[in-house]
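Before any comments, here is the structure.
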Amino acid sequence: MNVLVTGGAGYIGSHAVKILIEQGYNVVVIDNLSTGYKDAIDSRAKFYNLDIRDLDKVIDVLKTNKIDSVIHFAAFSLVGESMEKPLKYYENNVYGTKVLLDAMNQANVKKIVFSSTAAVYGDKDISPITEELEETPSNAYGETKLAMEKMMKWADIAYGIKYIALRYFNVAGAYFTGEIGESHNPETHLIPIILQVPLGKRKSISVYGNDYDTPDGTCIRDYIHIEDLISAHILAMKKLEKDNSSNFYNLGSGMGFSVLEMIEAARVVTKHKIPVIISERRLGDPARLIASSLKAEKELGWVKKYTEVKDIIGSAWKFHQLHKDGFNNEN
Ligand code: UDP
């Protein structure tokens, strides 16, 4: 089976590429390397350095490689940046998806698994979050992902493109070998930033606000291991094959950890002191996001392998020790 992975050079995309290849799929990658790294792409994949907004070239890739299914990761994903530059997010995420769907329709590729986000739910005082809750994003990033989901709904009705949107909570950790992992430049995500302290790259970690309505005042998130996340994508792709009907699912661990709890777990894993500085809240951050993934478990048959946050942090620690400077595109 031939699978196109957009954004296959990014953190999540590169894990999908490797795991798909390990499972025997033929994988084609499109990535413009704006935030991803060529070194993160498994060398067994066929790589196109291409922007998903380049309609004619995307049609060509789909046709030339006889693509059966698309897994779509190519998007910007930083909440803070999306609040400062919302139009940058609409341009890449929403318009990029529009072009991709157009290309799929023209190339007669009718199945797509798509990376959505828990941010579509916004700041809800409800825990855990189920798929029945209303979507009310509280940041521009979540709003663009919701717009992408809605676009897929109408593309299904009009062109019969079937989609499964997967609403991720906080994706974390690295492939068990430590070959690939989370590497952004600049880094904004909690676990890699925490690990920069034991790596000697920063002296302390800033905690964005300790006056939230949570037990220790810091934000609570649901951290899901990257390998578990990717296994859900593969199950979703198989479900589309089998049922040919569109749907959406939450993907999370169902457990919530505060920022301070994550830092404490990282201290245990790395055996380093990790000093904390309490700073201002970050714009757009909801206090608490915890998933119910029962729907994915029931309907996709999804079973998680990683249930301990220290194992998730441990896998990230392994990657960062092997790649102290992360990836870069210079060689
Ligand atoms: N966070 C923090 N300090 C940092 C980076 C993140 O306190 O240097 C907090 C952030 O406010 C949020 C949580 O850690 O509550 C997870 O943030 P991240 O950016 O990793 O993921 P997000 O929840 O935005 O998807």
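Convention: chains lettered A, B, ... in structure tokens order; per-chain residue numbering from 1; ligands numbered from 1 as shown.
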
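Residues in contact with Glu297 of chain A at 10 Å, where only C-alpha atoms are counted and same-chain residues fewer than 6 positions away are skipped, are listed as Ala232, Tyr249, Asn250, Leu251, Val303 and Lys304 of chain A.
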
Find the residues around segment 48-54 of chain A up to 10 Å (only C-alpha atoms counted), leave out those fewer than 5 positions away in its own chain, and share them as a list in words.
Thr6, Gly7, Gly8, Ala9, Val28, Val29, Ile30, Asp31, Asn32, Leu33, Ser34, Lys38, Ile59, Val61, His72, Ala74, Ala75, Glu91, Asn92, Asn93, Tyr95, Gly96, Thr97, Lys98, Val99, Leu100, Leu101 and Ala103 of chain A

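Identified as lying at most 6 Å from ligand 1 when counting only C-alpha atoms and all ligand atoms are the residues Val79, Asn170, Thr188, His189, Leu190, Ile193, Ile205, Ser206, Val207, Tyr208, Cys219, Val259, Arg282 and Asp285 of chain A.
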
Determine which residues of segment 34-167 of chain A DSSP labels as helix (DSSP H, G or I) from the backbone of this structure, then write them out as a PyMOL selection string.
chain A and resi 38-40+55-64+79-84+86-107+118-121+140-159

Determine, counting only C-alpha atoms, which protein, DNA and RNA residues have an atom within 7 Å of an atom of segment 268-274 of chain A; residues of the same chain fewer than 2 positions away are not included. Present the result as a list in words.
Val197, Pro198, Ser204, Glu264, Ala265, Ala266, Val276, Lys310 and Gly314 of chain A

File of the preceding selection, N, CA and C atoms, as a PDB file, in the first residue's frame:
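Writing the result to result_9.pdb gives the following:
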```
ATOM      1  N   VAL A 197      17.804  21.561  30.440  1.00  0.00           N
ATOM      2  CA  VAL A 197      18.520  21.883  31.677  1.00  0.00           C
ATOM      3  C   VAL A 197      19.555  20.784  31.983  1.00  0.00           C
ATOM      4  N   PRO A 198      19.146  19.503  32.114  1.00  0.00           N
ATOM      5  CA  PRO A 198      20.184  18.481  32.338  1.00  0.00           C
ATOM      6  C   PRO A 198      21.180  18.351  31.190  1.00  0.00           C
ATOM      7  N   SER A 204      17.632  26.957  33.836  1.00  0.00           N
ATOM      8  CA  SER A 204      16.386  26.701  34.565  1.00  0.00           C
ATOM      9  C   SER A 204      15.241  26.627  33.559  1.00  0.00           C
ATOM     10  N   GLU A 264       9.179  17.418  37.955  1.00  0.00           N
ATOM     11  CA  GLU A 264       9.608  16.480  39.004  1.00  0.00           C
ATOM     12  C   GLU A 264       9.927  15.103  38.394  1.00  0.00           C
ATOM     13  N   ALA A 265       9.067  14.645  37.481  1.00  0.00           N
ATOM     14  CA  ALA A 265       9.324  13.343  36.836  1.00  0.00           C
ATOM     15  C   ALA A 265      10.635  13.387  36.055  1.00  0.00           C
ATOM     16  N   ALA A 266      10.907  14.513  35.410  1.00  0.00           N
ATOM     17  CA  ALA A 266      12.159  14.643  34.636  1.00  0.00           C
ATOM     18  C   ALA A 266      13.373  14.649  35.573  1.00  0.00           C
ATOM     19  N   VAL A 276      13.452  25.893  38.744  1.00  0.00           N
ATOM     20  CA  VAL A 276      12.234  26.437  38.136  1.00  0.00           C
ATOM     21  C   VAL A 276      12.157  27.942  38.385  1.00  0.00           C
ATOM     22  N   LYS A 310       7.037   8.654  33.280  1.00  0.00           N
ATOM     23  CA  LYS A 310       8.513   8.579  33.364  1.00  0.00           C
ATOM     24  C   LYS A 310       9.094   7.805  32.165  1.00  0.00           C
ATOM     25  N   GLY A 314      11.573   9.328  29.652  1.00  0.00           N
ATOM     26  CA  GLY A 314      12.789   8.521  29.476  1.00  0.00           C
ATOM     27  C   GLY A 314      13.124   8.330  28.006  1.00  0.00           C
TER      28      GLY A 314
END
```

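Distances here use only C-alpha atoms; by that measure, the residue among A:Lys305, A:Leu322, A:Ala291, A:Ala45 closest to Leu133 of chain A is A:Ala291.
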